[in-house]
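What follows is the content of entry-v5.cif, which has mmCIF, C-alpha atoms:
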data_structure
#
loop_
_atom_site.label_atom_id
_atom_site.label_comp_id
_atom_site.auth_asym_id
_atom_site.auth_seq_id
_atom_site.Cartn_x
_atom_site.Cartn_y
_atom_site.Cartn_z
CA MET A 209 -13.86 -9.18 17.46
CA ALA A 210 -12.51 -11.64 14.91
CA GLY A 211 -9.54 -13.72 16.04
CA PRO A 212 -6.10 -13.77 14.38
CA LEU A 213 -5.82 -15.08 10.85
CA PRO A 214 -4.32 -18.56 10.42
CA ARG A 215 -0.82 -18.49 8.96
CA ARG A 216 -0.25 -19.72 5.42
CA GLY A 217 -0.20 -23.47 5.41
CA MET A 218 -1.92 -23.79 8.78
CA LYS A 219 -5.03 -25.97 8.60
CA THR A 220 -8.20 -25.01 10.37
CA SER A 221 -10.88 -27.66 10.69
CA LEU A 222 -13.86 -25.33 10.93
CA THR A 223 -15.68 -24.79 7.65
CA VAL A 224 -19.03 -23.22 6.85
CA ARG A 225 -20.61 -26.67 6.87
CA ASP A 226 -19.55 -27.02 10.50
CA LEU A 227 -21.61 -23.97 11.45
CA PRO A 228 -25.25 -24.33 12.50
CA LEU A 229 -27.54 -23.88 9.52
CA SER A 230 -28.88 -20.63 10.97
CA GLU A 231 -25.36 -19.13 11.09
CA ARG A 232 -24.25 -19.91 7.54
CA PRO A 233 -23.96 -16.76 5.36
CA ARG A 234 -26.05 -18.04 2.44
CA GLU A 235 -28.84 -19.24 4.69
CA ARG A 236 -28.78 -16.01 6.71
CA LEU A 237 -29.04 -13.97 3.51
CA ALA A 238 -31.96 -16.03 2.22
CA ARG A 239 -33.79 -15.83 5.55
CA LEU A 240 -32.98 -12.32 6.77
CA GLY A 241 -31.95 -10.36 3.69
CA ALA A 242 -28.59 -9.21 2.38
CA GLU A 243 -28.65 -5.98 4.37
CA THR A 244 -28.33 -7.93 7.64
CA LEU A 245 -25.04 -9.59 6.72
CA SER A 246 -21.62 -8.26 7.65
CA GLU A 247 -19.10 -7.37 4.94
CA GLN A 248 -17.23 -10.58 5.73
CA GLU A 249 -20.38 -12.65 5.26
CA LEU A 250 -21.30 -10.92 2.00
CA LEU A 251 -17.82 -11.59 0.64
CA ALA A 252 -18.17 -15.22 1.72
CA CYS A 253 -21.41 -15.48 -0.29
CA ILE A 254 -19.64 -14.16 -3.41
CA LEU A 255 -16.60 -16.41 -2.98
CA GLY A 256 -18.77 -19.46 -2.44
CA ARG A 257 -16.29 -21.75 -0.76
CA GLY A 258 -12.93 -21.67 0.95
CA ILE A 259 -9.86 -23.80 0.42
CA ALA A 260 -9.23 -27.30 1.76
CA GLY A 261 -9.71 -27.38 5.52
CA GLU A 262 -10.46 -23.66 5.76
CA SER A 263 -13.73 -21.76 5.92
CA VAL A 264 -14.63 -19.28 3.21
CA LEU A 265 -15.17 -16.82 6.06
CA VAL A 266 -11.42 -16.95 6.70
CA SER A 267 -10.74 -16.12 3.04
CA ALA A 268 -13.16 -13.20 3.29
CA ARG A 269 -11.43 -11.98 6.45
CA ARG A 270 -8.04 -12.19 4.74
CA LEU A 271 -9.31 -9.99 1.91
CA LEU A 272 -10.54 -7.35 4.32
CA ALA A 273 -7.26 -7.45 6.21
CA ALA A 274 -5.20 -7.19 3.01
CA PHE A 275 -7.08 -4.26 1.45
CA GLY A 276 -8.49 -2.53 4.49
CA SER A 277 -12.10 -2.26 3.37
CA VAL A 278 -14.65 -3.40 0.79
CA ARG A 279 -13.76 -0.34 -1.29
CA GLY A 280 -10.12 -1.38 -1.19
CA ILE A 281 -11.06 -4.84 -2.45
CA ALA A 282 -13.20 -3.28 -5.19
CA GLU A 283 -10.30 -1.12 -6.38
CA ALA A 284 -7.79 -3.98 -6.40
CA SER A 285 -6.85 -5.66 -9.67
CA VAL A 286 -7.16 -9.39 -10.34
CA GLU A 287 -3.37 -9.64 -10.03
CA GLN A 288 -3.47 -8.02 -6.60
CA LEU A 289 -6.38 -10.15 -5.39
CA VAL A 290 -4.71 -13.46 -6.23
CA HIS A 291 -1.81 -12.59 -3.92
CA VAL A 292 -4.16 -13.17 -0.98
CA HIS A 293 -3.92 -16.73 0.31
CA GLY A 294 -7.06 -18.64 -0.61
CA ILE A 295 -7.99 -16.35 -3.53
CA GLY A 296 -7.22 -17.91 -6.89
CA PRO A 297 -7.93 -16.51 -10.37
CA ALA A 298 -11.51 -17.81 -10.39
CA LYS A 299 -12.42 -16.17 -7.07
CA ALA A 300 -10.66 -12.95 -8.07
CA VAL A 301 -12.74 -12.81 -11.26
CA GLN A 302 -15.93 -13.44 -9.25
CA LEU A 303 -15.11 -10.47 -7.04
CA LYS A 304 -14.37 -8.17 -9.98
CA ALA A 305 -17.60 -9.24 -11.71
CA ALA A 306 -19.61 -8.45 -8.58
CA VAL A 307 -17.97 -5.03 -8.32
CA GLU A 308 -18.71 -4.24 -11.96
CA LEU A 309 -22.36 -5.26 -11.61
CA ALA A 310 -22.67 -3.00 -8.57
CA ARG A 311 -21.08 -0.15 -10.50
CA ARG A 312 -23.47 -0.56 -13.42
CA ILE A 313 -26.58 -0.34 -11.27
CA ALA A 314 -25.29 2.44 -9.02
CA PRO A 315 -27.53 5.51 -9.26
CA THR A 316 -26.19 8.47 -11.24
CA PRO A 317 -27.67 11.96 -11.70
CA ASN A 318 -30.64 11.77 -14.10
CA GLY A 319 -29.83 8.09 -14.63
CA ARG A 320 -26.83 9.04 -16.75
CA ARG A 321 -23.14 8.45 -16.37
CA PRO A 322 -21.28 11.50 -15.03
CA VAL A 323 -19.66 13.79 -17.58
CA ILE A 324 -16.04 14.60 -16.72
CA ASP A 325 -15.68 17.97 -18.40
CA SER A 326 -13.53 19.84 -15.88
CA GLN A 327 -10.61 19.39 -13.53
CA ASP A 328 -12.97 19.75 -10.58
CA ALA A 329 -15.23 16.96 -11.86
CA ALA A 330 -12.26 14.64 -12.30
CA ALA A 331 -10.77 15.56 -8.93
CA ALA A 332 -14.09 14.90 -7.17
CA LEU A 333 -13.96 11.30 -8.42
CA VAL A 334 -10.32 10.44 -7.82
CA ARG A 335 -9.62 12.34 -4.59
CA PRO A 336 -11.65 10.05 -2.25
CA HIS A 337 -9.94 7.00 -3.74
CA LEU A 338 -6.41 8.33 -3.46
CA LEU A 339 -6.11 10.80 -0.61
CA ASP A 340 -5.51 8.50 2.36
CA LYS A 341 -3.48 5.80 0.64
CA LYS A 342 -0.13 4.97 2.27
CA LYS A 343 1.45 3.95 -1.03
CA GLU A 344 1.23 5.53 -4.46
CA HIS A 345 -1.84 4.36 -6.40
CA PHE A 346 -2.24 5.10 -10.10
CA VAL A 347 -5.77 5.13 -11.56
CA ALA A 348 -7.40 6.10 -14.84
CA LEU A 349 -10.80 7.59 -15.61
CA LEU A 350 -11.91 5.96 -18.84
CA LEU A 351 -14.22 8.22 -20.87
CA ASP A 352 -16.33 7.84 -23.99
CA ASN A 353 -16.34 10.32 -26.88
CA ARG A 354 -18.71 12.60 -24.92
CA HIS A 355 -16.42 12.46 -21.89
CA GLN A 356 -18.97 10.40 -19.96
CA LEU A 357 -17.33 8.16 -17.41
CA ILE A 358 -17.12 4.52 -18.42
CA ARG A 359 -15.32 3.48 -15.26
CA MET A 360 -12.41 4.29 -12.99
CA SER A 361 -9.75 1.64 -13.41
CA PRO A 362 -6.85 0.93 -11.00
CA ILE A 363 -3.64 0.60 -12.98
CA ALA A 364 -0.78 0.17 -10.51
CA ILE A 365 0.25 0.36 -6.87
CA GLY A 366 3.78 1.40 -6.03
CA SER A 367 5.98 2.12 -3.05
CA LEU A 368 5.79 4.94 -0.53
CA SER A 369 7.33 7.32 -3.05
CA ALA A 370 7.00 5.96 -6.60
CA THR A 371 4.71 4.04 -8.90
CA VAL A 372 5.95 2.10 -11.91
CA VAL A 373 3.42 2.50 -14.72
CA HIS A 374 3.93 1.13 -18.19
CA PRO A 375 1.85 2.63 -21.01
CA ARG A 376 0.77 -0.81 -22.19
CA GLU A 377 -0.99 -1.50 -18.86
CA LEU A 378 -2.89 1.77 -19.05
CA PHE A 379 -3.92 1.54 -22.68
CA LYS A 380 -4.82 -2.13 -22.41
CA GLU A 381 -7.56 -1.04 -20.01
CA ALA A 382 -8.58 1.88 -22.21
CA ILE A 383 -8.80 -0.26 -25.37
CA ALA A 384 -10.78 -2.98 -23.56
CA ALA A 385 -13.30 -0.34 -22.45
CA SER A 386 -13.44 1.30 -25.92
CA ALA A 387 -12.45 4.57 -24.28
CA ALA A 388 -12.02 7.66 -26.46
CA ALA A 389 -10.16 9.65 -23.80
CA ILE A 390 -8.64 9.14 -20.39
CA ILE A 391 -7.64 11.13 -17.34
CA VAL A 392 -4.90 9.60 -15.20
CA ALA A 393 -4.27 10.34 -11.55
CA HIS A 394 -2.04 9.23 -8.72
CA ASN A 395 -1.39 10.24 -5.14
CA HIS A 396 1.67 11.47 -3.28
CA PRO A 397 1.59 9.94 0.22
CA SER A 398 3.94 12.71 1.38
CA GLY A 399 1.05 15.15 0.93
CA ASP A 400 2.96 17.41 -1.50
CA PRO A 401 1.24 17.26 -4.92
CA ASP A 402 4.09 18.90 -6.84
CA PRO A 403 5.12 16.64 -9.74
CA SER A 404 8.46 14.87 -9.72
CA ALA A 405 10.71 14.60 -12.77
CA HIS A 406 9.41 11.04 -13.15
CA ASP A 407 5.79 12.30 -13.11
CA LEU A 408 6.55 14.80 -15.88
CA ASP A 409 8.37 12.24 -18.02
CA LEU A 410 5.63 9.64 -17.56
CA THR A 411 2.93 12.14 -18.48
CA ARG A 412 4.65 13.04 -21.76
CA ARG A 413 5.15 9.36 -22.60
CA LEU A 414 1.48 8.57 -21.95
CA VAL A 415 0.29 11.53 -24.04
CA GLU A 416 2.47 10.46 -26.95
CA ALA A 417 1.35 6.83 -26.70
CA GLY A 418 -2.29 7.93 -26.56
CA ALA A 419 -1.84 10.11 -29.64
CA LEU A 420 -0.56 7.12 -31.60
CA LEU A 421 -3.53 5.01 -30.46
CA GLY A 422 -6.13 7.74 -30.94
CA ILE A 423 -6.95 7.84 -27.20
CA GLU A 424 -6.49 11.34 -25.81
CA VAL A 425 -4.88 11.79 -22.40
CA LEU A 426 -6.83 14.79 -21.15
CA ASP A 427 -4.99 15.33 -17.90
CA HIS A 428 -2.77 13.88 -15.19
CA LEU A 429 -3.87 14.81 -11.68
CA ILE A 430 -1.60 14.46 -8.66
CA VAL A 431 -3.44 14.21 -5.35
CA GLY A 432 -1.91 15.13 -2.00
CA SER A 433 -3.22 16.30 1.34
CA GLU A 434 -1.93 19.77 0.46
CA GLY A 435 -3.97 19.97 -2.75
CA ILE A 436 -4.35 18.67 -6.29
CA VAL A 437 -2.14 19.56 -9.24
CA SER A 438 -3.29 19.33 -12.86
CA LEU A 439 -0.40 18.75 -15.26
CA ARG A 440 -2.51 20.14 -18.09
CA ALA A 441 -2.94 23.35 -16.12
CA ARG A 442 0.81 23.33 -15.54
CA GLY A 443 1.32 23.22 -19.30
CA VAL A 444 3.02 19.83 -19.31
CA ILE A 445 0.57 18.12 -21.65
CA SER A 446 0.15 21.08 -23.99
CA GLU A 447 3.92 21.04 -24.52
CA THR A 448 3.63 17.82 -26.51
CA PRO A 449 4.58 18.61 -30.14
CA ARG A 450 1.42 19.32 -32.10
CA ARG A 451 2.53 17.13 -34.99
CA ARG A 452 2.63 14.13 -32.63
CA ARG A 453 -0.94 14.64 -31.46
CA SER A 454 -3.85 13.04 -33.27
CA PHE A 455 -6.65 15.01 -31.61
CA ASP A 456 -8.09 18.48 -32.01
CA SER A 457 -7.93 21.33 -29.53
CA GLY A 458 -11.66 21.91 -29.02
CA SER A 459 -12.26 19.72 -25.99
CA ARG A 460 -14.55 21.18 -23.36
CA TYR A 461 -12.30 19.72 -20.68
CA ARG A 462 -9.23 21.44 -22.09
CA ARG A 463 -11.03 24.76 -22.42
CA ARG A 464 -12.23 24.64 -18.82
CA VAL A 465 -8.79 23.77 -17.46
CA LEU A 466 -7.15 26.51 -19.47
CA ALA A 467 -9.78 28.98 -18.25
CA GLN A 468 -8.77 28.40 -14.65
CA ASP A 469 -6.01 30.33 -12.95
CA ARG A 470 -2.86 28.42 -13.71
CA PRO A 471 -0.20 27.83 -11.06
CA GLU A 472 3.39 28.29 -12.09
CA ARG A 473 4.52 25.90 -14.74
CA ALA A 474 6.43 22.85 -13.62
#
Mind converting the file's structure to structure tokens?
Amino acid sequence: MAGPLPRRGMKTSLTVRDLPLSERPRERLARLGAETLSEQELLACILGRGIAGESVLVSARRLLAAFGSVRGIAEASVEQLVHVHGIGPAKAVQLKAAVELARRIAPTPNGRRPVIDSQDAAAALVRPHLLDKKKEHFVALLLDNRHQLIRMSPIAIGSLSATVVHPRELFKEAIAASAAAIIVAHNHPSGDPDPSAHDLDLTRRLVEAGALLGIEVLDHLIVGSEGIVSLRARGVISETPRRRRSFDSGSRYRRRVLAQDRPERA
């Protein structure tokens, strides 16, 4: 079991160069193959080197401790990664680049990107990422004009009960990805997926901002251990004044959501 992490500012004399050649992550990967390395060692290979007086393995261990898993690291933003001692902007960008390369070569059905054309399809993607989080996490599914998934992008992490999301942060990601439509989602750590007044207000603001930019907000899903709520199914998004919307009403996603049994409106 790995020992305790050094405190910030505490020097540790052991670096990778102090390890026997056979125990260094890069050499082990070259000799034995990547599949034999631990997650900590693989992260060390990506990061390359640690900080002065500290092994890169310690930086890798800090990342795992901060985000809980490799998936947690993958979902973290550059801004969140640089808060970890020993991870500067350059190392954070290296990590995000590695994650994106892995995403691009990940196998998909028929070699194609998944089509998000229903609430169930969207929920199947976001639920595993959100369900067990202890704080509120806000993510966006960025879609092309055929509703094929471009990527799932983390937007914000909040407190135990609230997430502060500004439209500019969301649509900056959507514009950078050339997304034609988006589905947003966040979790309720309490387990109750019923929307709060803040959730309803935020949804309407995002829909209106998307209409001005020509990027349709298809849905806002709220994930809790007690279920998933679609704010489109609740009628929240469809209540946006039609004159403020720049998109048509023929979307396959919208038709499929509206065809489902609606719960009571929020």
Residues matched by the PyMOL selection byres ((chain A and resi 255-269) around 6) as a ChimeraX atom specification: /A:219-221,223-224,248,251-254,270-272,294,299
Residue among A:Pro397, A:Lys380, A:Leu439, A:Ile391 lying closest to Leu421 in chain A, counting all atoms listed in the file: A:Lys380
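With distances taken over all atoms listed in the file, A:Glu283 is the one residue among A:Glu283, A:Asp352, A:Asp340, A:Glu381 lying closest to Val307 in chain A.
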Shell of 9 Å around Leu339 in chain A, only C-alpha atoms, local chain residues under 6 positions omitted, as a list in words: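 So, after excluding close chain neighbours, the residues are Asn395, His396, Pro397, Gly399, Val431, Gly432 and Ser433 of chain A.
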Evaluate the PyMOL selection byres ((chain A and resi 330) around 12) and report residues as a PyMOL selection string: chain A and resi 322-329+331-337+347-351+355-357+359-360+390-393+426-431+436-438+461+464-465
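Shell of Leu378 in chain A at 7 Å, with only C-alpha atoms counted and residues fewer than 4 places along the chain excluded, is Ile363, His374 and Ala382 of chain A.
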Residue nearest Ile445 in chain A among A:Glu243, A:Glu308, A:Asp402, A:Asp407 (counting only C-alpha atoms):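 Nearest candidate to Ile445 in chain A out of A:Glu243, A:Glu308, A:Asp402, A:Asp407: A:Asp407.
Each of A:Leu410, A:Ala405, A:Ala385, A:Ala417 was compared to Val373 in chain A using all atoms listed in the file, and A:Leu410 turns out to be the nearest.
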Option closest in space to Pro375 in chain A, from A:Gln302, A:Ser446, A:Asn353, A:Thr411 [counting all atoms listed in the file]: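 Closest candidate: A:Thr411.
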All residues 9 Å or closer to Arg234 in chain A, only C-alpha atoms, same chain fewer than 2 positions away omitted, as a list in words: Glu231, Arg232, Arg236, Leu237, Ala238, Arg239, Glu249, Leu250, Ala252, Cys253 and Gly256 of chain A
Distance of CA of Ala273 in chain A from CA of Gly435 in chain A, expressed in Å to one decimal place: 29.0 Å
Atom pair CA of Ile423 in chain A / CA of Arg354 in chain A: separation (Å):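 Going from CA of Ile423 in chain A over to CA of Arg354 in chain A covers 12.9 Å.
CA of Arg412 in chain A is found 23.6 Å from CA of Ile358 in chain A.
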Counting all atoms listed in the file, the option among A:Asp400, A:Phe379, A:His394, A:Ala441 closest to Glu424 in chain A: A:Phe379
Residue rebuild result range 341-370 of chain A, N, CA and C atoms as a PDB file, keeping the file's coordinate frame:
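Ended up saving to rebuild_29.pdb:
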ATOM      1  N   LYS A 341      -4.294   6.979   0.910  1.00  0.00           N
ATOM      2  CA  LYS A 341      -3.480   5.800   0.640  1.00  0.00           C
ATOM      3  C   LYS A 341      -2.056   5.988   1.152  1.00  0.00           C
ATOM      4  N   LYS A 342      -1.480   4.917   1.713  1.00  0.00           N
ATOM      5  CA  LYS A 342      -0.130   4.970   2.270  1.00  0.00           C
ATOM      6  C   LYS A 342       0.940   4.726   1.214  1.00  0.00           C
ATOM      7  N   LYS A 343       0.541   4.151   0.094  1.00  0.00           N
ATOM      8  CA  LYS A 343       1.450   3.950  -1.030  1.00  0.00           C
ATOM      9  C   LYS A 343       0.893   4.713  -2.234  1.00  0.00           C
ATOM     10  N   GLU A 344       1.706   4.865  -3.254  1.00  0.00           N
ATOM     11  CA  GLU A 344       1.230   5.530  -4.460  1.00  0.00           C
ATOM     12  C   GLU A 344       0.303   4.586  -5.232  1.00  0.00           C
ATOM     13  N   HIS A 345      -0.870   5.086  -5.571  1.00  0.00           N
ATOM     14  CA  HIS A 345      -1.840   4.360  -6.400  1.00  0.00           C
ATOM     15  C   HIS A 345      -2.049   5.153  -7.678  1.00  0.00           C
ATOM     16  N   PHE A 346      -2.061   4.465  -8.792  1.00  0.00           N
ATOM     17  CA  PHE A 346      -2.240   5.100 -10.100  1.00  0.00           C
ATOM     18  C   PHE A 346      -3.548   4.593 -10.689  1.00  0.00           C
ATOM     19  N   VAL A 347      -4.469   5.501 -11.020  1.00  0.00           N
ATOM     20  CA  VAL A 347      -5.770   5.130 -11.560  1.00  0.00           C
ATOM     21  C   VAL A 347      -6.034   5.897 -12.853  1.00  0.00           C
ATOM     22  N   ALA A 348      -7.015   5.422 -13.595  1.00  0.00           N
ATOM     23  CA  ALA A 348      -7.400   6.100 -14.840  1.00  0.00           C
ATOM     24  C   ALA A 348      -8.911   6.216 -14.909  1.00  0.00           C
ATOM     25  N   LEU A 349      -9.392   7.397 -15.281  1.00  0.00           N
ATOM     26  CA  LEU A 349     -10.800   7.590 -15.610  1.00  0.00           C
ATOM     27  C   LEU A 349     -10.946   7.335 -17.097  1.00  0.00           C
ATOM     28  N   LEU A 350     -11.698   6.325 -17.446  1.00  0.00           N
ATOM     29  CA  LEU A 350     -11.910   5.960 -18.840  1.00  0.00           C
ATOM     30  C   LEU A 350     -13.196   6.619 -19.331  1.00  0.00           C
ATOM     31  N   LEU A 351     -13.099   7.397 -20.405  1.00  0.00           N
ATOM     32  CA  LEU A 351     -14.220   8.220 -20.870  1.00  0.00           C
ATOM     33  C   LEU A 351     -14.608   7.851 -22.293  1.00  0.00           C
ATOM     34  N   ASP A 352     -15.901   8.045 -22.610  1.00  0.00           N
ATOM     35  CA  ASP A 352     -16.330   7.840 -23.990  1.00  0.00           C
ATOM     36  C   ASP A 352     -16.127   9.119 -24.787  1.00  0.00           C
ATOM     37  N   ASN A 353     -16.621   9.146 -26.026  1.00  0.00           N
ATOM     38  CA  ASN A 353     -16.340  10.320 -26.880  1.00  0.00           C
ATOM     39  C   ASN A 353     -17.111  11.564 -26.463  1.00  0.00           C
ATOM     40  N   ARG A 354     -18.030  11.430 -25.496  1.00  0.00           N
ATOM     41  CA  ARG A 354     -18.710  12.600 -24.920  1.00  0.00           C
ATOM     42  C   ARG A 354     -18.150  12.941 -23.538  1.00  0.00           C
ATOM     43  N   HIS A 355     -17.072  12.286 -23.186  1.00  0.00           N
ATOM     44  CA  HIS A 355     -16.420  12.460 -21.890  1.00  0.00           C
ATOM     45  C   HIS A 355     -17.304  11.985 -20.738  1.00  0.00           C
ATOM     46  N   GLN A 356     -18.223  11.069 -21.024  1.00  0.00           N
ATOM     47  CA  GLN A 356     -18.970  10.400 -19.960  1.00  0.00           C
ATOM     48  C   GLN A 356     -18.090   9.306 -19.380  1.00  0.00           C
ATOM     49  N   LEU A 357     -18.156   9.142 -18.075  1.00  0.00           N
ATOM     50  CA  LEU A 357     -17.330   8.160 -17.410  1.00  0.00           C
ATOM     51  C   LEU A 357     -17.782   6.734 -17.738  1.00  0.00           C
ATOM     52  N   ILE A 358     -16.861   5.946 -18.238  1.00  0.00           N
ATOM     53  CA  ILE A 358     -17.120   4.520 -18.420  1.00  0.00           C
ATOM     54  C   ILE A 358     -16.840   3.792 -17.111  1.00  0.00           C
ATOM     55  N   ARG A 359     -15.663   4.013 -16.566  1.00  0.00           N
ATOM     56  CA  ARG A 359     -15.320   3.480 -15.260  1.00  0.00           C
ATOM     57  C   ARG A 359     -13.988   4.077 -14.808  1.00  0.00           C
ATOM     58  N   MET A 360     -13.733   3.967 -13.514  1.00  0.00           N
ATOM     59  CA  MET A 360     -12.410   4.290 -12.990  1.00  0.00           C
ATOM     60  C   MET A 360     -11.666   2.981 -12.814  1.00  0.00           C
ATOM     61  N   SER A 361     -10.489   2.897 -13.399  1.00  0.00           N
ATOM     62  CA  SER A 361      -9.750   1.640 -13.410  1.00  0.00           C
ATOM     63  C   SER A 361      -8.440   1.782 -12.657  1.00  0.00           C
ATOM     64  N   PRO A 362      -8.169   0.926 -11.647  1.00  0.00           N
ATOM     65  CA  PRO A 362      -6.850   0.930 -11.000  1.00  0.00           C
ATOM     66  C   PRO A 362      -5.814   0.366 -11.957  1.00  0.00           C
ATOM     67  N   ILE A 363      -4.667   1.022 -12.044  1.00  0.00           N
ATOM     68  CA  ILE A 363      -3.640   0.600 -12.980  1.00  0.00           C
ATOM     69  C   ILE A 363      -2.424   0.014 -12.270  1.00  0.00           C
ATOM     70  N   ALA A 364      -1.977   0.655 -11.192  1.00  0.00           N
ATOM     71  CA  ALA A 364      -0.780   0.170 -10.510  1.00  0.00           C
ATOM     72  C   ALA A 364      -0.744   0.685  -9.082  1.00  0.00           C
ATOM     73  N   ILE A 365      -0.041  -0.060  -8.239  1.00  0.00           N
ATOM     74  CA  ILE A 365       0.250   0.360  -6.870  1.00  0.00           C
ATOM     75  C   ILE A 365       1.753   0.286  -6.692  1.00  0.00           C
ATOM     76  N   GLY A 366       2.341   1.351  -6.158  1.00  0.00           N
ATOM     77  CA  GLY A 366       3.780   1.400  -6.030  1.00  0.00           C
ATOM     78  C   GLY A 366       4.249   1.401  -4.599  1.00  0.00           C
ATOM     79  N   SER A 367       5.368   2.052  -4.365  1.00  0.00           N
ATOM     80  CA  SER A 367       5.980   2.120  -3.050  1.00  0.00           C
ATOM     81  C   SER A 367       5.479   3.372  -2.333  1.00  0.00           C
ATOM     82  N   LEU A 368       6.152   3.729  -1.268  1.00  0.00           N
ATOM     83  CA  LEU A 368       5.790   4.940  -0.530  1.00  0.00           C
ATOM     84  C   LEU A 368       6.058   6.192  -1.349  1.00  0.00           C
ATOM     85  N   SER A 369       6.933   6.105  -2.349  1.00  0.00           N
ATOM     86  CA  SER A 369       7.330   7.320  -3.050  1.00  0.00           C
ATOM     87  C   SER A 369       7.302   7.224  -4.563  1.00  0.00           C
ATOM     88  N   ALA A 370       6.962   6.077  -5.142  1.00  0.00           N
ATOM     89  CA  ALA A 370       7.000   5.960  -6.600  1.00  0.00           C
ATOM     90  C   ALA A 370       6.073   4.852  -7.069  1.00  0.00           C
TER      91      ALA A 370
END
